[in-house]
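Undergrad: For reference, the structure I am asking about is given below.
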Amino acid sequence: MLVSHKAGIDLGGSLTKIAHGQAPEFVIFPSTHLSDILAYIQAQSLTHLVLTGGGSVKQRAAFADFRVETADEFESSVRGTNYLLEQQGGAVFPYALVSIGTGTSISKVEPSGGQRVSGTAVGGGTIVGLGSLLTGQADYAEIIERAARGDRSGVDVLVRDIYGGDLPGLSGDVTASNFGKVSSRKPEDLGRALLQMVGEVLAVIASLAAKNVNAQEVVYIGAALRENPVLMEVLESITRFMGQRPRFVRHSEYAGAIGALLQNSD
């Protein structure tokens with residue numbers, strides 16, 4: 001059973017996610033706002049912290065005034081995702097878990113646990129880095145907001161650009177070459193094309209990995225999906241095109257924090 005004074009904290013490179021309480025409750029902070037994070041923990045009377053993520057070792061000293069333990073990041077993500085899936089209709093095993101953080105990790109998950117099977121350095125960090133160069137915005141939310149207003153047809157070469165329309169079994173809107181045209185230099189259009197490229201790369205790699213481990217369902221999680229409907233739409237369409245079933249989980253950015261919270265509480 002979850003206890004009121006315990007919190008799972010996923011200390012990511014960009015964002016820190018906190019899950020606590022019996023419901024549980026969720027909150028997110030920029031990882032650079034350490035004083036705000038500590039103030040929140042104290043205000044909520046949280047005394048037992050389970051840290052996970054990249055900062056669980058590097059920043060552990062900042063939590064010296066609390067009872068602290070650490071949880072494996074991979075195991076926390078699997079445990080937290082299973083918890084969320086059970087709250088949202090149940091898990092279909094085996095499934096491919098695609099965790100989109102700074103980079104992207106792909107795992108096969110069965111009732112007995114998870115096993116990492118693939119991954120790529122393309123992920124949320126790619127969106128932030130290239131997005132800042134292409135849109136002139138350093139803030140992730142601004143990059144996503146601009147991209148949502150963009151039109152990639154002036155940046156990408158589409159099938160219809162080559163063949164004049166649709167092909168049998170292939171829509172004319174399908175990408176033939178990412179950034180192969182670039183007749184538009186508008187930040188919004190470049191940002192939209194970037195999300196398309198990242199989504200296509202991730203969905204293709206994830207779908208191939210899922211086929212390799214006989215998983216029909218691909219579950220996407222991670223903070224990169226937060227308020228990012230464009231990326232989710234690309235992931236869904238390409239995953240279906242590849243013959244797999246995509247699935248998105250509410251509150252998936254908190255999967256690691258939830259898994260840490262559930263450690264020793266299963």
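Just so we're on the same page: first chain in the structure tokens is A, next is B, and so on; residues restart at 1 for each chain, and ligands are numbered from 1 in the order they show up.
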Using the chain letters and numbers from this document, which residues of range 30-238 of chain A does DSSP assign to alpha helix (DSSP H), as a compact mmCIF listing (two decimals) with N, CA and C atoms, in the first residue's frame?

TA:
# COMPACT_ATOMS: atom_id res chain seq x y z
N LEU A 34 15.95 23.32 -8.26
CA LEU A 34 16.11 22.41 -7.14
C LEU A 34 15.51 22.98 -5.86
N SER A 35 15.64 24.28 -5.64
CA SER A 35 15.09 24.87 -4.42
C SER A 35 13.56 24.75 -4.40
N ASP A 36 12.92 24.89 -5.55
CA ASP A 36 11.46 24.74 -5.62
C ASP A 36 11.05 23.29 -5.35
N ILE A 37 11.86 22.37 -5.86
CA ILE A 37 11.58 20.94 -5.64
C ILE A 37 11.64 20.61 -4.16
N LEU A 38 12.70 21.07 -3.50
CA LEU A 38 12.86 20.81 -2.07
C LEU A 38 11.76 21.48 -1.25
N ALA A 39 11.37 22.68 -1.64
CA ALA A 39 10.31 23.38 -0.93
C ALA A 39 8.99 22.63 -1.06
N TYR A 40 8.72 22.09 -2.24
CA TYR A 40 7.48 21.33 -2.44
C TYR A 40 7.48 20.07 -1.57
N ILE A 41 8.59 19.36 -1.56
CA ILE A 41 8.69 18.14 -0.76
C ILE A 41 8.43 18.44 0.72
N GLN A 42 9.01 19.51 1.19
CA GLN A 42 8.82 19.88 2.60
C GLN A 42 7.38 20.31 2.87
N ALA A 43 6.79 21.04 1.95
CA ALA A 43 5.41 21.52 2.13
C ALA A 43 4.41 20.37 2.16
N GLY A 55 19.60 11.87 -12.37
CA GLY A 55 20.05 12.69 -11.25
C GLY A 55 20.00 12.00 -9.90
N SER A 56 19.57 10.74 -9.87
CA SER A 56 19.41 10.06 -8.58
C SER A 56 20.73 9.84 -7.87
N VAL A 57 21.82 9.81 -8.60
CA VAL A 57 23.15 9.72 -7.99
C VAL A 57 23.80 11.09 -7.92
N LYS A 58 23.74 11.82 -9.01
CA LYS A 58 24.42 13.11 -9.10
C LYS A 58 23.86 14.13 -8.12
N GLU A 73 16.34 3.00 -12.89
CA GLU A 73 15.52 3.79 -13.81
C GLU A 73 14.70 2.91 -14.75
N PHE A 74 15.33 1.89 -15.30
CA PHE A 74 14.64 1.00 -16.23
C PHE A 74 13.51 0.26 -15.53
N GLU A 75 13.79 -0.33 -14.39
CA GLU A 75 12.77 -1.07 -13.66
C GLU A 75 11.63 -0.16 -13.20
N SER A 76 11.96 1.06 -12.83
CA SER A 76 10.93 2.01 -12.42
C SER A 76 9.99 2.35 -13.56
N SER A 77 10.53 2.55 -14.75
CA SER A 77 9.69 2.87 -15.91
C SER A 77 8.74 1.73 -16.23
N VAL A 78 9.24 0.49 -16.18
CA VAL A 78 8.39 -0.67 -16.45
C VAL A 78 7.30 -0.80 -15.39
N ARG A 79 7.69 -0.71 -14.12
CA ARG A 79 6.73 -0.85 -13.02
C ARG A 79 5.67 0.25 -13.09
N GLY A 80 6.11 1.48 -13.33
CA GLY A 80 5.17 2.59 -13.40
C GLY A 80 4.23 2.49 -14.60
N THR A 81 4.76 2.05 -15.74
CA THR A 81 3.92 1.91 -16.93
C THR A 81 2.88 0.83 -16.71
N ASN A 82 3.27 -0.30 -16.14
CA ASN A 82 2.30 -1.36 -15.85
C ASN A 82 1.20 -0.86 -14.93
N TYR A 83 1.57 -0.07 -13.94
CA TYR A 83 0.58 0.50 -13.03
C TYR A 83 -0.42 1.37 -13.80
N LEU A 84 0.10 2.26 -14.65
CA LEU A 84 -0.78 3.15 -15.40
C LEU A 84 -1.67 2.38 -16.37
N LEU A 85 -1.10 1.36 -17.01
CA LEU A 85 -1.90 0.56 -17.94
C LEU A 85 -3.03 -0.16 -17.22
N GLU A 86 -2.75 -0.67 -16.03
CA GLU A 86 -3.80 -1.35 -15.27
C GLU A 86 -4.92 -0.38 -14.89
N GLN A 87 -4.58 0.89 -14.69
CA GLN A 87 -5.59 1.90 -14.38
C GLN A 87 -6.37 2.33 -15.62
N GLY A 124 13.80 13.35 -27.12
CA GLY A 124 13.43 14.70 -26.71
C GLY A 124 14.59 15.68 -26.79
N GLY A 125 15.79 15.20 -26.50
CA GLY A 125 16.97 16.06 -26.62
C GLY A 125 17.20 16.52 -28.04
N THR A 126 16.86 15.66 -29.00
CA THR A 126 16.97 16.03 -30.42
C THR A 126 16.01 17.16 -30.74
N ILE A 127 14.80 17.08 -30.21
CA ILE A 127 13.81 18.12 -30.45
C ILE A 127 14.28 19.45 -29.85
N VAL A 128 14.83 19.39 -28.64
CA VAL A 128 15.30 20.62 -28.00
C VAL A 128 16.49 21.20 -28.75
N GLY A 129 17.48 20.37 -29.05
CA GLY A 129 18.70 20.86 -29.69
C GLY A 129 18.48 21.38 -31.09
N LEU A 130 17.97 20.52 -31.98
CA LEU A 130 17.71 20.95 -33.35
C LEU A 130 16.59 21.99 -33.40
N GLY A 131 15.62 21.81 -32.51
CA GLY A 131 14.51 22.76 -32.48
C GLY A 131 14.95 24.17 -32.17
N SER A 132 15.91 24.31 -31.27
CA SER A 132 16.41 25.65 -30.94
C SER A 132 17.14 26.27 -32.12
N LEU A 133 17.87 25.44 -32.86
CA LEU A 133 18.57 25.95 -34.05
C LEU A 133 17.60 26.33 -35.17
N LEU A 134 16.55 25.54 -35.32
CA LEU A 134 15.63 25.75 -36.45
C LEU A 134 14.56 26.80 -36.19
N THR A 135 14.15 26.93 -34.94
CA THR A 135 13.05 27.86 -34.63
C THR A 135 13.50 29.11 -33.89
N TYR A 140 11.42 24.28 -24.65
CA TYR A 140 10.78 23.14 -25.30
C TYR A 140 9.32 23.43 -25.65
N ALA A 141 8.59 24.01 -24.71
CA ALA A 141 7.18 24.28 -24.95
C ALA A 141 6.99 25.24 -26.12
N GLU A 142 7.88 26.22 -26.25
CA GLU A 142 7.79 27.17 -27.36
C GLU A 142 8.08 26.48 -28.69
N ILE A 143 9.05 25.58 -28.69
CA ILE A 143 9.37 24.83 -29.91
C ILE A 143 8.15 24.04 -30.37
N ILE A 144 7.52 23.34 -29.41
CA ILE A 144 6.35 22.52 -29.74
C ILE A 144 5.19 23.39 -30.21
N GLU A 145 4.98 24.52 -29.55
CA GLU A 145 3.88 25.41 -29.92
C GLU A 145 4.07 25.95 -31.32
N ARG A 146 5.29 26.35 -31.64
CA ARG A 146 5.56 26.85 -33.00
C ARG A 146 5.37 25.76 -34.04
N ALA A 147 5.88 24.57 -33.73
CA ALA A 147 5.79 23.47 -34.69
C ALA A 147 4.34 23.10 -34.98
N ALA A 148 3.48 23.20 -33.97
CA ALA A 148 2.07 22.85 -34.16
C ALA A 148 1.38 23.76 -35.16
N VAL A 159 5.68 12.18 -51.22
CA VAL A 159 5.46 11.26 -52.35
C VAL A 159 4.79 11.98 -53.50
N ARG A 160 3.83 12.86 -53.19
CA ARG A 160 3.12 13.57 -54.27
C ARG A 160 4.03 14.53 -55.03
N ASP A 161 5.11 15.00 -54.39
CA ASP A 161 6.05 15.86 -55.10
C ASP A 161 6.77 15.11 -56.21
N ILE A 162 6.93 13.82 -56.01
CA ILE A 162 7.66 13.00 -57.00
C ILE A 162 6.73 12.39 -58.03
N TYR A 163 5.56 11.89 -57.55
CA TYR A 163 4.67 11.15 -58.44
C TYR A 163 3.40 11.91 -58.81
N PRO A 187 10.33 29.35 -39.25
CA PRO A 187 10.60 28.54 -38.05
C PRO A 187 9.48 27.54 -37.75
N GLU A 188 8.23 27.94 -37.97
CA GLU A 188 7.12 27.04 -37.70
C GLU A 188 7.16 25.82 -38.60
N ASP A 189 7.47 26.03 -39.87
CA ASP A 189 7.51 24.92 -40.82
C ASP A 189 8.70 24.00 -40.54
N LEU A 190 9.83 24.59 -40.20
CA LEU A 190 11.01 23.79 -39.88
C LEU A 190 10.78 22.96 -38.61
N GLY A 191 10.11 23.57 -37.62
CA GLY A 191 9.80 22.85 -36.40
C GLY A 191 8.85 21.69 -36.64
N ARG A 192 7.86 21.93 -37.50
CA ARG A 192 6.90 20.86 -37.83
C ARG A 192 7.60 19.71 -38.54
N ALA A 193 8.49 20.02 -39.44
CA ALA A 193 9.24 18.98 -40.14
C ALA A 193 10.14 18.21 -39.19
N LEU A 194 10.68 18.90 -38.19
CA LEU A 194 11.52 18.23 -37.20
C LEU A 194 10.72 17.21 -36.41
N LEU A 195 9.52 17.58 -35.94
CA LEU A 195 8.70 16.63 -35.21
C LEU A 195 8.32 15.44 -36.08
N GLN A 196 8.07 15.70 -37.35
CA GLN A 196 7.76 14.61 -38.27
C GLN A 196 8.93 13.65 -38.37
N MET A 197 10.12 14.17 -38.54
CA MET A 197 11.30 13.32 -38.69
C MET A 197 11.55 12.50 -37.43
N VAL A 198 11.50 13.16 -36.27
CA VAL A 198 11.72 12.44 -35.01
C VAL A 198 10.66 11.36 -34.83
N GLY A 199 9.40 11.70 -35.08
CA GLY A 199 8.33 10.72 -34.92
C GLY A 199 8.48 9.54 -35.86
N GLU A 200 8.85 9.81 -37.11
CA GLU A 200 9.02 8.73 -38.07
C GLU A 200 10.17 7.80 -37.67
N VAL A 201 11.29 8.38 -37.27
CA VAL A 201 12.44 7.57 -36.86
C VAL A 201 12.08 6.67 -35.68
N LEU A 202 11.45 7.27 -34.67
CA LEU A 202 11.11 6.50 -33.47
C LEU A 202 10.08 5.41 -33.76
N ALA A 203 9.06 5.74 -34.53
CA ALA A 203 8.01 4.77 -34.80
C ALA A 203 8.52 3.59 -35.63
N VAL A 204 9.38 3.87 -36.61
CA VAL A 204 9.92 2.78 -37.43
C VAL A 204 10.81 1.87 -36.59
N ILE A 205 11.72 2.46 -35.81
CA ILE A 205 12.61 1.65 -34.97
C ILE A 205 11.79 0.85 -33.95
N ALA A 206 10.82 1.50 -33.32
CA ALA A 206 10.00 0.83 -32.31
C ALA A 206 9.18 -0.31 -32.91
N SER A 207 8.61 -0.07 -34.08
CA SER A 207 7.78 -1.10 -34.71
C SER A 207 8.60 -2.30 -35.13
N LEU A 208 9.78 -2.06 -35.67
CA LEU A 208 10.66 -3.17 -36.04
C LEU A 208 11.11 -3.96 -34.81
N ALA A 209 11.40 -3.24 -33.73
CA ALA A 209 11.78 -3.92 -32.49
C ALA A 209 10.61 -4.75 -31.95
N ALA A 210 9.40 -4.19 -32.03
CA ALA A 210 8.22 -4.91 -31.56
C ALA A 210 8.00 -6.18 -32.36
N LYS A 211 8.14 -6.10 -33.67
CA LYS A 211 7.99 -7.29 -34.51
C LYS A 211 9.03 -8.34 -34.15
N ASN A 212 10.22 -7.89 -33.85
CA ASN A 212 11.32 -8.81 -33.54
C ASN A 212 11.07 -9.60 -32.26
N PRO A 229 0.72 16.99 -29.31
CA PRO A 229 -0.16 16.18 -30.15
C PRO A 229 0.41 15.89 -31.53
N VAL A 230 1.26 16.77 -32.05
CA VAL A 230 1.84 16.53 -33.38
C VAL A 230 2.71 15.29 -33.35
N LEU A 231 3.61 15.19 -32.37
CA LEU A 231 4.48 14.02 -32.27
C LEU A 231 3.65 12.75 -32.05
N MET A 232 2.63 12.83 -31.22
CA MET A 232 1.79 11.66 -30.97
C MET A 232 1.07 11.21 -32.24
N GLU A 233 0.61 12.17 -33.03
CA GLU A 233 -0.07 11.83 -34.28
C GLU A 233 0.86 11.12 -35.25
N VAL A 234 2.10 11.60 -35.34
CA VAL A 234 3.08 10.96 -36.23
C VAL A 234 3.39 9.55 -35.74
N LEU A 235 3.64 9.40 -34.44
CA LEU A 235 3.93 8.08 -33.89
C LEU A 235 2.79 7.11 -34.15
N GLU A 236 1.57 7.58 -33.97
CA GLU A 236 0.41 6.70 -34.17
C GLU A 236 0.29 6.27 -35.63
N SER A 237 0.37 7.24 -36.54
CA SER A 237 0.15 6.91 -37.96
C SER A 237 1.24 6.00 -38.51
N ILE A 238 2.49 6.27 -38.16
CA ILE A 238 3.58 5.45 -38.69
C ILE A 238 3.58 4.06 -38.05

Undergrad: Pick out each residue of range 38-102 of chain A that DSSP on the backbone tags as strand (DSSP E or B); I need them as an MDAnalysis selection string.

TA: chainID A and resid 48:52 67:70 95:100

Undergrad: Please save C-alpha atoms of the selected residues as a short mmCIF file (atom, residue, chain, number, x, y, z; two decimals), in the first residue's frame.

TA:
data_model
loop_
_atom_site.label_atom_id
_atom_site.label_comp_id
_atom_site.auth_asym_id
_atom_site.auth_seq_id
_atom_site.Cartn_x
_atom_site.Cartn_y
_atom_site.Cartn_z
CA HIS A 48 10.76 9.05 2.50
CA LEU A 49 12.07 9.68 -1.02
CA VAL A 50 12.81 7.08 -3.67
CA LEU A 51 14.97 8.66 -6.36
CA THR A 52 15.37 7.41 -9.91
CA ARG A 67 15.23 9.29 4.17
CA VAL A 68 16.48 8.45 0.70
CA GLU A 69 16.82 5.33 -1.39
CA THR A 70 17.33 4.87 -5.12
CA TYR A 95 4.33 -5.19 -25.37
CA ALA A 96 7.11 -2.93 -26.61
CA LEU A 97 7.75 -0.07 -24.20
CA VAL A 98 9.15 3.03 -25.89
CA SER A 99 10.42 5.53 -23.34
CA ILE A 100 11.12 8.87 -25.01
#

Undergrad: How many Å lie between CA of Leu158 in chain A and CA of Val182 in chain A, rounded to one decimal?

TA: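 Computed distance, CA of Leu158 in chain A to CA of Val182 in chain A, equals 11.7 Å.
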
Undergrad: I need the residue nearest Ala260 in chain A from this list: A:Asp72, A:Asp65, A:Asp156, A:Glu25. Use only C-alpha atoms for the distance.

TA: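 When distances to Ala260 in chain A are compared using only C-alpha atoms, the smallest one comes from A:Asp72.
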
Undergrad: Just to confirm, what's the straight-line distance from CA of Thr104 in chain A to CA of Val122 in chain A in Å (one decimal)?

TA: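 Between CA of Thr104 in chain A and CA of Val122 in chain A the gap works out to 6.3 Å.
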
Undergrad: Could you work out how far CA of Thr102 in chain A lies from CA of Gly13 in chain A, giving the answer in Å with one decimal?

TA: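 Computing it gives 7.4 Å between the two atoms.
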
Undergrad: Leaving out Gln244 in chain A and any residue of its chain fewer than 5 positions from it, which residues lie within 7 Å of it when counting only C-alpha atoms, given as a list in words?

TA: Ser207, Gln216, Glu217, Val218 and Thr239 of chain A
